[in-house]
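Student: Have a look at the structure that comes next, please.
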Amino acid sequence: WGGTFIYVGFALMMLVLVTKIFSPSSYSDTNKFTLILILFLLCYAMANIPRLYPEIEMYALPFALFAVILQSFFRSALASIVFLLMIFSAGLVSSNGIEFLWIEIPSGLLAILLLNNLRKRSQLLGVITVVFISSSLLFFESNIIKEGHLNNIDFSYFGWFAVSALLTVLAVPLVFIVERIFGLISEMALLELSDTNNSLLRELAQVAPGTFQHS
């Protein structure tokens, strides 16, 4: 526990430095910086659930959910680095640390990359599906490398990845809740409001075209 405490403390210190360097505005914004710290601590706490309840598999936990929330409120560079620090810290308590990192890091970063092109909240389901496929393929590849054949692969893990993907859908209401609690506006909300296909904007264009052009 002593070594873990030191490592997590170091990760928190890195978190502060990264935020200050890559996003001074987020560092000076109490609400944004508090959100980053809370997400980090929640991710580490969630990683400890399988140690308390061994029947719960680590891969069933929705770590990609943190990538989605981070990308919703912060720039990609900051979101990516903070997510990496989260996963490295979570990997400390994983029974298969290297495999855990091999699966969760690319999947989470892929989610952040895909969310850059997000236009509607409904498209998040597509991103989550891609993350599920990515996690499954990385797990399959990792086990093929270790075992050399298919006979010893535990295919029940793909069910755990599906559970993780379903839980990641909670990011949609959680982003909304974070907006209300911390007084922040997510990228998804801004994109939906600026979408010219939005019914309210179409109505504004028809009723007051001059106002629409200047808005």
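We name chains A, B, ... following the order of the structure tokens; residues begin at 1 in each chain, and ligands are numbered from 1 as shown.
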Using DSSP assignments from the backbone, pull out every residue in stretch 2-187 of chain A that falls under alpha helix (DSSP H) and give it to me as a VMD selection string.

Tutor: chain A and resid 2 to 22 24 to 28 30 to 47 49 to 52 64 to 73 76 to 91 97 to 115 124 to 147 157 to 168 171 to 182 187

Student: Could you name the residues that touch stretch 34-46 of chain A at 8 Å or less, counting only C-alpha atoms, but leaving out those on the same chain fewer than 2 positions away, as a PyMOL selection string?

Tutor: chain A and resi 12+30-32+48-49+61+63+66+70+82+86-87+89-90+182

Student: So which one's closest to A:Gly3, A:Ser134, A:Ile21, A:Arg51, A:Leu92? Using only C-alpha atoms, please.

Tutor: A:Leu92

Student: Neighbouring residues of A:Val68 were defined as those with any atom within 7 Å, considering only C-alpha atoms; residues of the same chain fewer than 3 positions away were excluded. Please report them as a short mmCIF file (atom, residue, chain, number, x, y, z; two decimals) with N, CA and C atoms, in the first residue's frame.

Tutor:
```
data_model
loop_
_atom_site.label_atom_id
_atom_site.label_comp_id
_atom_site.auth_asym_id
_atom_site.auth_seq_id
_atom_site.Cartn_x
_atom_site.Cartn_y
_atom_site.Cartn_z
N ALA A 64 -13.63 3.86 -20.25
CA ALA A 64 -13.79 4.77 -21.39
C ALA A 64 -14.75 5.91 -21.05
N LEU A 65 -15.60 5.69 -20.05
CA LEU A 65 -16.54 6.72 -19.63
C LEU A 65 -15.79 8.00 -19.22
N GLN A 71 -13.20 14.53 -22.59
CA GLN A 71 -13.23 15.14 -23.92
C GLN A 71 -14.41 16.09 -24.06
N SER A 72 -15.46 15.88 -23.29
CA SER A 72 -16.65 16.73 -23.38
C SER A 72 -16.42 18.13 -22.82
N ALA A 111 -11.55 6.80 -28.30
CA ALA A 111 -12.80 7.49 -27.97
C ALA A 111 -12.61 9.00 -28.01
N ILE A 112 -11.51 9.48 -27.45
CA ILE A 112 -11.23 10.93 -27.46
C ILE A 112 -11.06 11.43 -28.89
N ALA A 171 -22.39 7.95 -19.76
CA ALA A 171 -21.69 9.22 -19.97
C ALA A 171 -22.65 10.31 -20.42
#
```

Student: Between atom CA of A:Phe88 and atom CA of A:Val130, what is the distance in Å, rounded to a tenth?

Tutor: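 For atom CA of A:Phe88 relative to atom CA of A:Val130, the distance reads 22.1 Å.
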
Student: Would you mind reading off the distance between atom CA of A:Val8 and atom CA of A:Leu113, one decimal, in Å?

Tutor: 26.2 Å
